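See structure below.
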Amino acid sequence: LKAVILIGGPQKGTRFRPLSFEVPKPLFPVAGVPMVQHHIEACAKVPGMKEILLMGFYQPHEALSRFLVSAQQEFKIPIRYLQEYAALGTGGGIYHFRDQILSGGAEAFFVLNADVCSEFPLQEMLEFWQQHGDMHSFVILGTTANRTQALNYGCIVANADTQEVQHYVEKPSTFVSEIINCGIYLFTPAIFQHIGEVFQRNQQELALEESSNGWQRAEVIRLEQDVFTALAGSGKLYVYKTDGFWSQIKSAGSAIYASRLYLNQYSKSHPERLAQNKPGGPVIRGNVYIHPTASIDSTAVLGPNVSIGEGVTVGAGVRVRESIVLHGASLHDHTCVLNTIVGWDSTIGRWARVEGTPSDPNPNDPYAKIDSETLFRDGRLTPSITILGCSVTIPAEVVILNSIVLPHKELSRSYKNQIIL
């Protein structure tokens with residue numbers, strides 16, 4: 001078994017700015033560890049997993065290499081990064097590197113998108129495939145969404161008895177099905193034949209269109225639209241439905257929601273990562289992750305759903321709720337931080353209040369997913385979580401509401417509903 005994690009590249013993750021300026025989105029910390037580490041942890045737990053490949057078109061850089069080295073040591077499994085020469089789409093990358101994926105005689109391999117958070121029921125998918133499939137069949141992980149939100153995802157119509165996928169539509173314009181694609185797949189080497197057919201078809205179409213100026217590439221292949229749509233109804237594609245948590249991490253607001261889902265799961269999977277109330281320590285409410293190097297005043301109140309990065313200082317009487325505080329940030333005495341991501345090395349002055357509006361799914365609908373809101377609606381900034389880029393300084397006694405502050409800014413007054421460039 002192998003696993004391939006698709007991490008995208010620098011021109012993606014635009015909705016994740018200004019946080020993706022400093023660190024590749026897959027390395028952004030969610031619930032205290034890099035987003036993609038949750039995927040690696042889940043893959044490393046599957047018995048028989050021989051290698052994990054990260055695939056994307058980030059230039060190899062220090063942060064990524066450092067992360068791979070430490071992850072290999074921690075999970076005792078070979079982890080490599082394969083760099084695409086251009087954005088090849090979800091199917092083009094794995095087709096381009098098919099020899100690397102199949103080397104060593106891989107019988108099956110998982111493909112996971114890096115921008116989802118999930119319980120990753122990989123073992124269950126494997127057992128489901130062994131019961132239902134053969135060497136030429138593939139499994140998609142599906143989950144239930146509500147009727148209106150399903151339109152924003154790939155929709156799957158499956159046979160109720162066999163779970164065979166009969167119909168697949170990516171982001172349909174009208175309601176097709178409540179079962180949506182989670183971006184986690186189990187393939188066998190037979191998938192390359194189907195991707196190869198798309199590649200050849202693309203080449204033929206490009207040869208016919210001489211006027212295409214050569215900017216389109218036959219290698220750009222999207223698994224969802226190009227491969228699954230064709231495979232549906234052929235008896236080769238199955239859906240395994242999960243009731244576990246799942247969410248996309250497209251925007252910074254969804255990172256706080258994903259952090260809550262993972263922190264919640266830690267009580268079962270990593271109780272050692274959750275902070276406890278101790279005499280002389282800060283007040284902890286609900287699930288909170290605190291990096292061992294952070295220094296926190298005993299009168300601070302943290303939680304629920306708070307993640308404090310390395311080297312963070314939190315002063316006296318500080319209140320933090322539903323927020324991610326990244327490494328090196330400093331919250332001075334009596335600040336209040338709600339629904340906010342505080343960037344690396346940022347400083348919030350005394351008695352300041354920094355607050356955003358959560359973009360959580362409807363809590364009364366068990367199938368609601370997080371909406372990927374547009375940044376602006378009717379010419380106004382949509383109220384969302386507040387984001388401070390890296391090295392932002394906020395003076396004492398000001399209020400910052402629903403705003404996005406780009407890196408290296410020193411504010412002098414209060415702001416509301418603004419992008420501060």
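Ligands are numbered from 1 in the order shown, residues from 1 within each chain, and chains are lettered A, B, ... in the order they appear in the structure tokens.
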query: Leaving out range 42-50 of chain A and any residue of its chain fewer than 6 positions from it, which residues lie within 10 Å of it when counting only C-alpha atoms, given as an MDAnalysis selection string?
result: chainID A and resid 1:5 75:79 104 106 108:110 112 118:124 126
Residues within 6 Å of Thr386 in chain A, only C-alpha atoms, excluding chain neighbours under 5 positions, as a PDB file with C-alpha atoms, in the first residue's frame:
ATOM      1  CA  THR A 340      -9.431  35.146  15.172  1.00  0.00           C
ATOM      2  CA  GLY A 356     -14.307  38.060  14.097  1.00  0.00           C
ATOM      3  CA  ASN A 402     -14.145  41.353  11.159  1.00  0.00           C
ATOM      4  CA  SER A 403     -10.976  42.597   9.504  1.00  0.00           C
ATOM      5  CA  ILE A 404      -8.066  41.126   7.573  1.00  0.00           C
TER       6      ILE A 404
END
message: Report as a ChimeraX atom specification all protein, DNA and RNA residues lying within 9 Å of range 258-271 of chain A, evaluated on only C-alpha atoms, omitting residues in the same chain fewer than 2 positions from it.
response: /A:29-32,38,116-119,245-249,253-256,273-275,286-289,304-307,322-324
Pick from A:Thr229, A:Thr188, A:Thr293, A:Asn181 nearest to Gly309 in chain A, counting only C-alpha atoms: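 Selected residue with least distance to Gly309 in chain A: A:Thr293.
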Write out as a Markdown table a residue-level contact list of range 8-97 of chain A versus range 406-418 of chain A with cut-off 10 Å: for each qualifying residue the closest pair of atoms and the distance in Å to one decimal, counting only C-alpha atoms, rows sorted by chain and residue number upward.
| residue | atom | partner | partner_atom | distance |
| --- | --- | --- | --- | --- |
| A:Arg17 | CA | A:Leu406 | CA | 8.6 |
| A:Pro18 | CA | A:Leu406 | CA | 6.0 |
| A:Leu19 | CA | A:Pro407 | CA | 8.7 |
| A:Phe21 | CA | A:Pro407 | CA | 8.7 |
| A:Glu22 | CA | A:Pro407 | CA | 9.0 |
Keeping only N, CA, C and O atoms, write the selected residues to a file as an mmCIF file, in the first residue's frame.
data_model
loop_
_atom_site.group_PDB
_atom_site.id
_atom_site.type_symbol
_atom_site.label_atom_id
_atom_site.label_comp_id
_atom_site.auth_asym_id
_atom_site.auth_seq_id
_atom_site.Cartn_x
_atom_site.Cartn_y
_atom_site.Cartn_z
ATOM 1 N N ARG A 17 -5.093 33.544 1.910
ATOM 2 C CA ARG A 17 -4.196 34.674 2.204
ATOM 3 C C ARG A 17 -4.769 35.483 3.344
ATOM 4 O O ARG A 17 -5.965 35.477 3.533
ATOM 5 N N PRO A 18 -3.991 36.244 4.100
ATOM 6 C CA PRO A 18 -2.544 36.424 3.945
ATOM 7 C C PRO A 18 -1.719 35.336 4.635
ATOM 8 O O PRO A 18 -0.518 35.438 4.710
ATOM 9 N N LEU A 19 -2.379 34.266 5.131
ATOM 10 C CA LEU A 19 -1.622 33.272 5.897
ATOM 11 C C LEU A 19 -0.736 32.429 4.994
ATOM 12 O O LEU A 19 0.335 31.982 5.384
ATOM 13 N N PHE A 21 0.980 33.421 2.600
ATOM 14 C CA PHE A 21 2.199 34.131 2.172
ATOM 15 C C PHE A 21 3.410 33.588 2.918
ATOM 16 O O PHE A 21 4.511 33.549 2.394
ATOM 17 N N GLU A 22 3.211 33.211 4.183
ATOM 18 C CA GLU A 22 4.353 32.904 5.047
ATOM 19 C C GLU A 22 4.732 31.430 4.988
ATOM 20 O O GLU A 22 5.870 31.069 5.203
#
message: One decimal, in Å: what's the spacing between CA of Gly281 in chain A and CA of Leu326 in chain A?
response: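 Pair CA of Gly281 in chain A / CA of Leu326 in chain A returns 20.2 Å.
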Do you have, as CSV, the list of residues of range 51-97 of chain A lying at most 12 Å from range 191-194 of chain A, each with its nearest atom pair and that distance in Å to one decimal, counting only C-alpha atoms and ordered by chain then number?
residue,atom,partner,partner_atom,distance
A:Gly91,CA,A:Phe192,CA,9.2
A:Gly92,CA,A:Phe192,CA,10.2
A:Gly93,CA,A:Phe192,CA,11.3
A:Ile94,CA,A:Phe192,CA,8.5
A:Tyr95,CA,A:Phe192,CA,6.4
A:His96,CA,A:Phe192,CA,9.9
A:Phe97,CA,A:Phe192,CA,10.5
Keeping only N, CA and C atoms, take the residues you just selected and write them out as a compact mmCIF listing (two decimals), in the first residue's frame.
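So the final result, stored in part.txt, reads:
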# COMPACT_ATOMS: atom_id res chain seq x y z
N GLY A 91 -5.71 14.66 -11.34
CA GLY A 91 -5.38 13.38 -11.97
C GLY A 91 -4.06 13.45 -12.73
N GLY A 92 -3.71 14.63 -13.25
CA GLY A 92 -2.50 14.77 -14.06
C GLY A 92 -1.23 14.47 -13.27
N GLY A 93 -1.21 14.92 -12.00
CA GLY A 93 -0.02 14.71 -11.18
C GLY A 93 0.23 13.24 -10.93
N ILE A 94 -0.82 12.51 -10.54
CA ILE A 94 -0.58 11.09 -10.23
C ILE A 94 -0.26 10.31 -11.51
N TYR A 95 -0.79 10.79 -12.66
CA TYR A 95 -0.47 10.10 -13.93
C TYR A 95 0.99 10.37 -14.30
N HIS A 96 1.42 11.61 -14.10
CA HIS A 96 2.80 12.00 -14.43
C HIS A 96 3.79 11.17 -13.60
N PHE A 97 3.46 10.93 -12.33
CA PHE A 97 4.38 10.22 -11.43
C PHE A 97 3.97 8.75 -11.24
message: Can you pull out the residues contacting range 235-239 of chain A? Cut-off 7 Å, using only C-alpha atoms, and skip same-chain residues under 6 positions away; I want them as an MDAnalysis selection string.
response: chainID A and resid 136:142 163:165
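Distances from A:Ile308, A:Arg350, A:Phe67, A:Phe28 to Phe16 in chain A were compared using only C-alpha atoms, and the smallest one belongs to A:Phe28.
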query: Hey, which of A:Arg66, A:His132, A:Lys241, A:Arg353 ends up closest to Ile180 in chain A? Count only C-alpha atoms.
result: A:Lys241
- prompt: Which distance in Å separates CA of Lys278 in chain A and CA of His334 in chain A, to one decimal?
  reply: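 Separation of CA of Lys278 in chain A and CA of His334 in chain A: 20.8 Å.
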Members of range 21-106 of chain A assigned strand (DSSP E or B) by DSSP, as a PDB file with N, CA, C and O atoms, in the first residue's frame:
ATOM      1  N   PRO A  29      -0.637  25.346  10.683  1.00  0.00           N
ATOM      2  CA  PRO A  29      -1.007  24.519  11.837  1.00  0.00           C
ATOM      3  C   PRO A  29      -2.508  24.530  12.119  1.00  0.00           C
ATOM      4  O   PRO A  29      -3.099  25.587  12.278  1.00  0.00           O
ATOM      5  N   VAL A  30      -3.080  23.342  12.161  1.00  0.00           N
ATOM      6  CA  VAL A  30      -4.488  23.182  12.539  1.00  0.00           C
ATOM      7  C   VAL A  30      -4.499  22.262  13.752  1.00  0.00           C
ATOM      8  O   VAL A  30      -3.960  21.157  13.695  1.00  0.00           O
ATOM      9  N   VAL A  33      -0.820  21.040  14.904  1.00  0.00           N
ATOM     10  CA  VAL A  33       0.161  20.393  14.021  1.00  0.00           C
ATOM     11  C   VAL A  33      -0.140  20.789  12.577  1.00  0.00           C
ATOM     12  O   VAL A  33      -1.280  21.132  12.250  1.00  0.00           O
ATOM     13  N   PRO A  34       0.870  20.746  11.679  1.00  0.00           N
ATOM     14  CA  PRO A  34       0.608  21.129  10.285  1.00  0.00           C
ATOM     15  C   PRO A  34      -0.567  20.343   9.705  1.00  0.00           C
ATOM     16  O   PRO A  34      -0.742  19.151   9.999  1.00  0.00           O
ATOM     17  N   GLU A  51       4.881   3.604   1.874  1.00  0.00           N
ATOM     18  CA  GLU A  51       5.478   4.895   1.533  1.00  0.00           C
ATOM     19  C   GLU A  51       4.367   5.934   1.384  1.00  0.00           C
ATOM     20  O   GLU A  51       3.259   5.615   0.972  1.00  0.00           O
ATOM     21  N   ILE A  52       4.703   7.180   1.760  1.00  0.00           N
ATOM     22  CA  ILE A  52       3.741   8.279   1.584  1.00  0.00           C
ATOM     23  C   ILE A  52       4.391   9.303   0.655  1.00  0.00           C
ATOM     24  O   ILE A  52       5.533   9.721   0.890  1.00  0.00           O
ATOM     25  N   LEU A  53       3.681   9.669  -0.402  1.00  0.00           N
ATOM     26  CA  LEU A  53       4.221  10.639  -1.369  1.00  0.00           C
ATOM     27  C   LEU A  53       3.407  11.928  -1.279  1.00  0.00           C
ATOM     28  O   LEU A  53       2.177  11.893  -1.347  1.00  0.00           O
ATOM     29  N   LEU A  54       4.089  13.058  -1.108  1.00  0.00           N
ATOM     30  CA  LEU A  54       3.400  14.345  -1.214  1.00  0.00           C
ATOM     31  C   LEU A  54       3.625  14.849  -2.632  1.00  0.00           C
ATOM     32  O   LEU A  54       4.728  14.735  -3.157  1.00  0.00           O
ATOM     33  N   MET A  55       2.577  15.376  -3.227  1.00  0.00           N
ATOM     34  CA  MET A  55       2.695  15.777  -4.628  1.00  0.00           C
ATOM     35  C   MET A  55       2.130  17.168  -4.807  1.00  0.00           C
ATOM     36  O   MET A  55       1.026  17.450  -4.333  1.00  0.00           O
ATOM     37  N   GLY A  56       2.888  18.051  -5.445  1.00  0.00           N
ATOM     38  CA  GLY A  56       2.401  19.406  -5.661  1.00  0.00           C
ATOM     39  C   GLY A  56       3.400  20.175  -6.496  1.00  0.00           C
ATOM     40  O   GLY A  56       4.355  19.604  -7.010  1.00  0.00           O
ATOM     41  N   ILE A  79       8.796   9.147   3.496  1.00  0.00           N
ATOM     42  CA  ILE A  79       7.891  10.192   2.985  1.00  0.00           C
ATOM     43  C   ILE A  79       8.697  11.013   1.980  1.00  0.00           C
ATOM     44  O   ILE A  79       9.767  11.516   2.316  1.00  0.00           O
ATOM     45  N   ARG A  80       8.193  11.128   0.761  1.00  0.00           N
ATOM     46  CA  ARG A  80       8.934  11.895  -0.248  1.00  0.00           C
ATOM     47  C   ARG A  80       8.035  12.967  -0.841  1.00  0.00           C
ATOM     48  O   ARG A  80       6.812  12.846  -0.840  1.00  0.00           O
ATOM     49  N   TYR A  81       8.668  13.996  -1.380  1.00  0.00           N
ATOM     50  CA  TYR A  81       7.918  15.055  -2.064  1.00  0.00           C
ATOM     51  C   TYR A  81       8.223  14.973  -3.557  1.00  0.00           C
ATOM     52  O   TYR A  81       9.387  14.967  -3.958  1.00  0.00           O
ATOM     53  N   LEU A  82       7.190  14.856  -4.370  1.00  0.00           N
ATOM     54  CA  LEU A  82       7.352  14.844  -5.827  1.00  0.00           C
ATOM     55  C   LEU A  82       6.840  16.169  -6.364  1.00  0.00           C
ATOM     56  O   LEU A  82       5.675  16.508  -6.177  1.00  0.00           O
ATOM     57  N   GLN A  83       7.720  16.908  -7.032  1.00  0.00           N
ATOM     58  CA  GLN A  83       7.330  18.241  -7.492  1.00  0.00           C
ATOM     59  C   GLN A  83       6.887  18.189  -8.946  1.00  0.00           C
ATOM     60  O   GLN A  83       7.643  17.757  -9.825  1.00  0.00           O
TER      61      GLN A  83
END
- request: Work out how far CA of Arg15 in chain A is from CA of Leu401 in chain A, in Å to one decimal.
  value: 19.1 Å
query: What lies within 7 Å of range 170-179 of chain A using only C-alpha atoms, ignoring chain neighbours under 4 positions off, as a ChimeraX atom specification?
result: /A:142-147,150-157,224-225
